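Q: Hey, dropping work.txt in here, compact mmCIF, C-alpha atoms:
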```
# COMPACT_ATOMS: atom_id res chain seq x y z
CA MET A 18 -19.07 -12.77 -1.11
CA LYS A 19 -15.96 -13.99 -2.87
CA PRO A 20 -12.83 -13.69 -0.72
CA PHE A 21 -10.25 -10.95 -1.12
CA LEU A 22 -6.69 -11.92 -2.02
CA ILE A 23 -4.14 -10.30 0.31
CA LEU A 24 -0.58 -10.38 -0.98
CA GLN A 25 2.18 -9.57 1.48
CA LEU A 26 5.70 -8.56 0.59
CA ARG A 27 7.34 -8.38 4.03
CA PRO A 28 9.93 -11.07 4.78
CA GLU A 29 9.81 -10.17 8.50
CA ALA A 30 7.20 -12.47 10.08
CA GLU A 31 6.30 -10.23 13.00
CA ALA A 32 5.64 -7.23 10.76
CA ALA A 33 3.80 -9.35 8.18
CA ASP A 34 1.50 -10.90 10.78
CA GLU A 35 0.65 -7.52 12.28
CA GLU A 36 0.02 -6.02 8.86
CA PHE A 37 -2.32 -8.85 7.90
CA SER A 38 -4.30 -8.43 11.12
CA ALA A 39 -4.45 -4.65 10.59
CA ILE A 40 -5.73 -5.04 7.01
CA LEU A 41 -8.45 -7.44 8.13
CA HIS A 42 -9.46 -5.10 10.95
CA ARG A 43 -9.57 -1.90 8.89
CA ALA A 44 -11.24 -3.64 5.94
CA GLY A 45 -13.88 -5.29 8.13
CA LEU A 46 -12.91 -8.75 6.92
CA GLY A 47 -12.96 -12.00 8.83
CA ALA A 48 -10.25 -14.61 8.45
CA THR A 49 -12.48 -16.67 6.13
CA ASP A 50 -13.10 -13.61 3.91
CA ALA A 51 -9.49 -13.45 2.76
CA MET A 52 -6.83 -15.62 1.16
CA ARG A 53 -3.38 -14.67 2.41
CA ILE A 54 -0.20 -15.24 0.43
CA ARG A 55 3.19 -14.21 1.79
CA LEU A 56 5.31 -13.90 -1.32
CA ASP A 57 8.51 -14.32 0.67
CA GLN A 58 7.38 -17.85 1.54
CA MET A 59 5.60 -19.08 -1.57
CA ALA A 60 5.18 -18.26 -5.23
CA LEU A 61 1.90 -17.23 -6.74
CA PRO A 62 0.07 -20.35 -7.92
CA GLU A 63 0.45 -20.78 -11.68
CA ALA A 64 -3.28 -21.51 -11.98
CA LEU A 65 -4.34 -18.52 -9.85
CA ASP A 66 -7.81 -17.49 -11.05
CA LEU A 67 -8.33 -13.82 -10.24
CA ARG A 68 -12.01 -14.16 -11.09
CA GLY A 69 -12.40 -16.13 -7.87
CA PHE A 70 -11.69 -13.04 -5.74
CA SER A 71 -13.60 -9.86 -5.01
CA GLY A 72 -10.35 -7.94 -5.23
CA VAL A 73 -6.63 -7.90 -4.50
CA ILE A 74 -4.94 -5.97 -1.67
CA VAL A 75 -1.16 -5.59 -1.66
CA GLY A 76 0.63 -4.56 1.52
CA GLY A 77 3.89 -2.71 2.04
CA GLY A 78 7.45 -3.92 2.34
CA PRO A 79 11.08 -2.89 2.67
CA GLY A 80 11.94 -3.33 -1.00
CA CYS A 81 12.24 -0.48 -3.51
CA VAL A 82 11.40 -0.97 -7.17
CA SER A 83 13.81 1.85 -8.04
CA ASP A 84 16.87 0.10 -6.59
CA PRO A 85 19.35 -1.19 -9.21
CA PRO A 86 18.92 -4.95 -9.74
CA GLU A 87 22.39 -5.72 -8.42
CA GLU A 88 21.54 -4.03 -5.12
CA LYS A 89 18.28 -5.82 -4.44
CA ASP A 90 18.08 -8.43 -1.71
CA PRO A 91 17.42 -11.78 -3.45
CA VAL A 92 14.18 -12.40 -1.54
CA GLU A 93 12.92 -8.87 -2.19
CA ALA A 94 13.85 -9.20 -5.87
CA ARG A 95 11.84 -12.43 -6.13
CA ILE A 96 8.86 -10.82 -4.39
CA GLU A 97 9.02 -7.82 -6.71
CA ALA A 98 9.18 -10.01 -9.82
CA GLN A 99 6.10 -11.95 -8.74
CA ILE A 100 3.91 -8.93 -8.04
CA LEU A 101 5.10 -7.11 -11.17
CA GLY A 102 4.32 -10.25 -13.13
CA LEU A 103 0.75 -10.17 -11.83
CA MET A 104 0.08 -6.51 -12.67
CA PRO A 105 -0.59 -7.04 -16.42
CA ARG A 106 -3.42 -9.41 -15.52
CA ILE A 107 -4.77 -7.06 -12.83
CA VAL A 108 -4.97 -4.17 -15.29
CA ALA A 109 -6.03 -6.14 -18.37
CA GLU A 110 -8.79 -8.00 -16.51
CA ASP A 111 -9.83 -4.86 -14.58
CA VAL A 112 -9.53 -6.70 -11.26
CA PRO A 113 -10.27 -4.52 -8.20
CA PHE A 114 -6.85 -3.70 -6.74
CA LEU A 115 -5.60 -1.65 -3.81
CA GLY A 116 -1.84 -1.29 -3.43
CA CYS A 117 -0.62 0.21 -0.16
CA CYS A 118 2.73 2.08 -0.14
CA TYR A 119 4.95 -0.41 -2.00
CA GLY A 120 1.92 -1.07 -4.18
CA ILE A 121 1.92 2.45 -5.62
CA GLY A 122 5.49 1.97 -6.81
CA ILE A 123 4.60 -1.38 -8.36
CA LEU A 124 1.57 0.08 -10.14
CA GLY A 125 3.54 3.11 -11.28
CA ARG A 126 6.36 0.94 -12.64
CA HIS A 127 3.86 -1.25 -14.52
CA LEU A 128 2.17 1.81 -16.03
CA GLY A 129 5.49 3.27 -17.14
CA ALA A 130 5.74 6.15 -14.67
CA PRO A 131 9.11 7.06 -13.13
CA VAL A 132 9.64 5.82 -9.56
CA SER A 133 12.71 7.11 -7.73
CA LYS A 134 14.25 8.32 -4.49
CA ALA A 135 15.10 11.69 -6.04
CA GLN A 136 12.33 13.93 -4.76
CA TYR A 137 9.42 12.67 -2.72
CA GLY A 138 10.50 10.26 0.01
CA GLU A 139 8.89 10.96 3.38
CA PRO A 140 10.17 10.35 6.89
CA VAL A 141 8.30 8.08 9.24
CA GLY A 142 5.35 9.88 10.77
CA PRO A 143 1.93 11.45 10.22
CA ILE A 144 0.98 13.55 7.21
CA THR A 145 -2.11 15.35 6.01
CA CYS A 146 -3.81 14.00 2.89
CA THR A 147 -6.05 16.40 0.98
CA ARG A 148 -8.72 15.45 -1.52
CA ARG A 149 -8.24 16.84 -5.00
CA PRO A 150 -11.21 17.92 -7.15
CA GLU A 151 -10.77 14.72 -9.16
CA GLY A 152 -11.50 12.77 -5.98
CA ALA A 153 -15.01 14.12 -5.59
CA GLY A 154 -17.47 11.24 -5.74
CA ASP A 155 -14.86 8.49 -5.75
CA PRO A 156 -16.34 5.51 -3.87
CA LEU A 157 -13.17 4.80 -1.90
CA LEU A 158 -13.28 8.31 -0.44
CA ASP A 159 -16.95 8.10 0.53
CA GLY A 160 -17.55 9.52 3.99
CA LEU A 161 -14.04 10.94 4.37
CA PRO A 162 -13.37 14.62 5.13
CA ASP A 163 -11.50 16.69 2.57
CA SER A 164 -8.35 16.46 4.72
CA PHE A 165 -7.30 13.72 7.12
CA THR A 166 -4.25 12.19 8.78
CA ALA A 167 -2.36 9.13 7.54
CA LEU A 168 0.95 7.47 8.39
CA VAL A 169 3.86 7.23 5.97
CA GLY A 170 7.49 6.20 5.78
CA HIS A 171 9.02 5.56 2.37
CA LYS A 172 12.30 6.10 0.53
CA GLU A 173 10.93 6.14 -3.02
CA ALA A 174 7.83 7.60 -4.68
CA LEU A 175 6.24 8.36 -8.03
CA ASP A 176 7.93 11.32 -9.69
CA THR A 177 4.94 11.92 -11.96
CA LEU A 178 1.39 10.62 -12.31
CA PRO A 179 1.12 7.61 -14.63
CA GLU A 180 -0.51 8.38 -17.96
CA GLY A 181 -4.26 7.75 -17.73
CA ALA A 182 -4.34 7.76 -13.92
CA VAL A 183 -6.51 10.04 -11.78
CA HIS A 184 -4.88 11.90 -8.87
CA LEU A 185 -7.26 11.53 -5.89
CA LEU A 186 -5.31 12.66 -2.81
CA GLU A 187 -2.27 14.87 -2.44
CA GLY A 188 0.25 15.61 0.28
CA LEU A 189 2.54 18.55 0.95
CA ARG A 190 5.93 16.83 0.76
CA CYS A 191 4.93 13.95 -1.52
CA PRO A 192 2.24 15.11 -3.96
CA ILE A 193 0.83 11.77 -5.14
CA GLN A 194 -0.74 10.11 -2.09
CA MET A 195 -3.55 8.23 -3.84
CA LEU A 196 -4.45 7.49 -7.43
CA ARG A 197 -6.93 5.48 -9.47
CA TYR A 198 -6.35 3.84 -12.83
CA ARG A 199 -9.50 3.21 -14.82
CA ASP A 200 -12.34 2.35 -12.42
CA ARG A 201 -11.01 -0.42 -10.19
CA VAL A 202 -7.27 -0.12 -9.75
CA TYR A 203 -6.13 2.03 -6.80
CA ALA A 204 -2.94 2.70 -4.90
CA THR A 205 -1.95 4.80 -1.88
CA GLN A 206 1.46 6.08 -0.84
CA PHE A 207 0.40 6.03 2.82
CA HIS A 208 -0.57 2.99 4.86
CA PRO A 209 -4.37 2.84 5.24
CA GLU A 210 -4.12 -0.21 7.49
CA ALA A 211 -1.78 1.35 10.02
CA ASP A 212 -2.18 3.12 13.34
CA GLY A 213 0.41 4.23 15.87
CA ASP A 214 0.82 0.74 17.30
CA SER A 215 1.43 -0.68 13.81
CA PHE A 216 4.14 1.87 13.18
CA ALA A 217 5.73 1.37 16.59
CA LEU A 218 6.27 -2.29 15.70
CA ARG A 219 7.59 -1.43 12.23
CA ILE A 220 9.97 1.17 13.65
CA ARG A 221 11.43 -1.55 15.84
CA VAL A 222 11.59 -4.16 13.06
CA TYR A 223 12.99 -1.83 10.38
CA ARG A 224 15.27 0.37 12.43
CA GLU A 225 18.31 -0.87 10.50
CA LYS A 226 16.71 -0.67 7.04
CA GLY A 227 17.67 2.92 6.22
CA TYR A 228 14.34 4.63 6.79
CA PHE A 229 15.78 6.66 9.65
CA PRO A 230 18.89 6.79 11.85
CA PRO A 231 18.59 3.89 14.32
CA ASP A 232 19.04 6.21 17.30
CA ALA A 233 15.89 8.09 16.21
CA ALA A 234 13.64 5.08 16.81
CA GLU A 235 12.47 6.14 20.27
CA ALA A 236 11.56 9.66 19.14
CA LEU A 237 9.72 8.36 16.08
CA THR A 238 7.77 5.88 18.18
CA ALA A 239 6.65 8.75 20.40
CA ARG A 240 5.74 10.79 17.31
CA VAL A 241 3.30 8.20 15.95
CA ALA A 242 1.80 7.20 19.31
CA GLY A 243 -1.90 7.93 19.47
CA VAL A 244 -2.16 9.38 15.95
CA ASP A 245 -5.77 9.09 14.77
CA THR A 246 -5.81 7.31 11.42
CA ALA A 247 -9.44 6.19 11.44
CA HIS A 248 -10.24 8.18 8.29
CA SER A 249 -7.36 6.77 6.26
CA GLY A 250 -8.38 3.29 7.40
CA ARG A 251 -11.84 3.82 5.99
CA ILE A 252 -10.37 3.58 2.50
CA LEU A 253 -9.83 -0.15 3.05
CA ALA A 254 -13.38 -0.58 4.34
CA ASN A 255 -14.75 1.34 1.36
CA PHE A 256 -12.72 -0.80 -1.04
CA VAL A 257 -14.17 -3.98 0.41
CA HIS A 258 -17.70 -2.62 0.64
CA HIS A 259 -17.69 -1.31 -2.92
CA PHE A 260 -16.24 -4.35 -4.65
CA ALA A 261 -17.69 -7.13 -2.50
CA ARG A 262 -21.10 -6.24 -3.88
CA GLU A 263 -20.18 -7.25 -7.42
```
So that I can check it, write out the structure of this file as structure tokens.
A:
Amino acid sequence: MKPFLILQLRPEAEAADEEFSAILHRAGLGATDAMRIRLDQMALPEALDLRGFSGVIVGGGPGCVSDPPEEKDPVEARIEAQILGLMPRIVAEDVPFLGCCYGIGILGRHLGAPVSKAQYGEPVGPITCTRRPEGAGDPLLDGLPDSFTALVGHKEALDTLPEGAVHLLEGLRCPIQMLRYRDRVYATQFHPEADGDSFALRIRVYREKGYFPPDAAEALTARVAGVDTAHSGRILANFVHHFARE
């Protein structure tokens, strides 16, 4: 099996390390099955050959693609530019891709769909994802029930589905929870890698980042404790299983 490329966008080391471990765990990957690049620490290699990977997984991060350029943190702006610069190759070469949370905004921006904070941000906590008819038979949803729990926390979201994309999963407050573009490019608004412990750490790390009032951190930590996200995590395992065979 060719390794999977895992691109991380979090400048906070503790959160990035936990996210990487969670992705490996949920995807069923060993450390030698993945190449990890933290884009806050290094640039994408100029000679990066995407054909050498089974697929690309992009994690979440505190940046927002919809923020005005003058308001972006310099590190987050550099990270965003790198991943946006890779998306034309991902789509043109039909490279298997799974973007998690931040990744759906990146994919939407690349495909020309509006991404904003106007309508569909969601507070930190569990939501119910429901399979749409278009999701019947999709390999990444194999073995999942028609409705299941996932964890979210985001300030921006897709306002509309990108042209040519397929809407796979929907939510009540934020309609577009998972989409597919063509046959190999996927993105989720929720965090398929995360469980309650993951979110407890992120609540602590990002309590001053505007996702919630800082004095709500304790209540939010209690809200996510013990939430069963095994089904949402299976999406990562299905992604690896489906594309590692090629």
Q: Write out as a Markdown table the residues of segment 25-142 of chain A that have any atom within 10 Å of an atom of segment 229-239 of chain A, one row each with the nearest atom pair and its distance in Å to one decimal, counting all atoms listed in the file, sorted by chain and then rising number.
A:
```
| residue | atom | partner | partner_atom | distance |
| --- | --- | --- | --- | --- |
| A:Pro140 | CA | A:Phe229 | CA | 7.3 |
| A:Val141 | CA | A:Leu237 | CA | 7.0 |
| A:Gly142 | CA | A:Leu237 | CA | 7.0 |
```
Q: Mind checking which residues fall within 7 Å of Tyr198 of chain A, counting only C-alpha atoms, ignoring those fewer than 4 positions away in the same chain, and posting them as a VMD selection string?
A: chain A and resid 181 to 183 202 to 203
Q: Taking only C-alpha atoms into account, name the residue in A:Gly227, A:Pro86, A:Gly116, A:Gly45 that is nearest to Val73 of chain A.
A: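 Under the stated criterion, the closest residue is A:Gly116.
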Q: Quick one: of A:Cys146, A:Leu115, A:Leu24, A:Ser83, who's nearest to Leu161 of chain A, counting all atoms listed in the file?
A: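 Counting all atoms listed in the file, the residue closest to Leu161 of chain A is A:Cys146.
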Q: Excluding Phe21 of chain A and its own-chain neighbours fewer than 3 positions away, which residues fall within 6 Å of it when counting all atoms listed in the file? Please give them as a count of residues only.
A: 5
Q: Nearest to Tyr137 of chain A: which of A:Lys19, A:Arg43, A:Lys226, A:Arg190 is it, counting only C-alpha atoms?
A: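 Once distances to Tyr137 of chain A are computed over only C-alpha atoms, the minimum belongs to A:Arg190.
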Q: Using all atoms listed in the file, which of the listed residues (A:Gln99, A:Glu88, A:Glu35, A:Val108) sits closest to Glu63 of chain A?
A: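 That would be A:Gln99, the residue with the smallest distance to Glu63 of chain A.
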Q: Please work out which residues fall within 7 Å of (-0.8, 1.9, -8.1), coordinates as given in the file, with all atoms listed in the file counting, and return them as a list of chain:residue names.
A: A:Gly116, A:Gly120, A:Ile121, A:Gly122, A:Ile123, A:Leu124, A:Gly125, A:Leu196, A:Val202, A:Tyr203, A:Ala204, A:Thr205
Q: Those selected residues, please, written with C-alpha atoms and delivered as a short mmCIF file (atom, residue, chain, number, x, y, z; two decimals), in the coordinates of the input.
A:
```cif
data_model
loop_
_atom_site.label_atom_id
_atom_site.label_comp_id
_atom_site.auth_asym_id
_atom_site.auth_seq_id
_atom_site.Cartn_x
_atom_site.Cartn_y
_atom_site.Cartn_z
CA GLY A 116 -1.84 -1.29 -3.43
CA GLY A 120 1.92 -1.07 -4.18
CA ILE A 121 1.92 2.45 -5.62
CA GLY A 122 5.49 1.97 -6.81
CA ILE A 123 4.60 -1.38 -8.36
CA LEU A 124 1.57 0.08 -10.14
CA GLY A 125 3.54 3.11 -11.28
CA LEU A 196 -4.45 7.49 -7.43
CA VAL A 202 -7.27 -0.12 -9.75
CA TYR A 203 -6.13 2.03 -6.80
CA ALA A 204 -2.94 2.70 -4.90
CA THR A 205 -1.95 4.80 -1.88
#
```
Q: Take every atom of segment 19-37 of chain A listed in the file, pad by 8 Å on each side, and give me the axis-aligned box centre and edge lengths in Å, one decimal, as JSON.
A:
```
{"center_x": -3.0, "center_y": -10.0, "center_z": 5.1, "size_x": 41.9, "size_y": 24.0, "size_z": 31.9}
```
Q: Have a look at atom CA of Asp50 of chain A and atom CA of Glu31 of chain A and let me know their distance in Å, one decimal.
A: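 We find that atom CA of Asp50 of chain A and atom CA of Glu31 of chain A lie 21.7 Å from each other.
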Q: For a cutoff of 10 Å around the file-coordinate point (-5.6, 12.6, -10.2), which residues qualify once you count all atoms listed in the file? I'd like the result as a list of chain:residue names.
A: A:Arg148, A:Arg149, A:Pro150, A:Glu151, A:Gly152, A:Leu178, A:Pro179, A:Gly181, A:Ala182, A:Val183, A:His184, A:Leu185, A:Leu186, A:Glu187, A:Ile193, A:Gln194, A:Met195, A:Leu196, A:Arg197, A:Tyr198
Q: Hey, can you check how far atom CA of Ile100 of chain A sits from atom CA of Asp214 of chain A?
A: 27.3 Å
Q: Could you check the closest approach to Glu97 of chain A for each of A:Met59, A:Leu168, A:Val257, A:Leu26 and tell me which residue wins, using all atoms listed in the file?
A: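 Closest to Glu97 of chain A, using all atoms listed in the file: A:Leu26.
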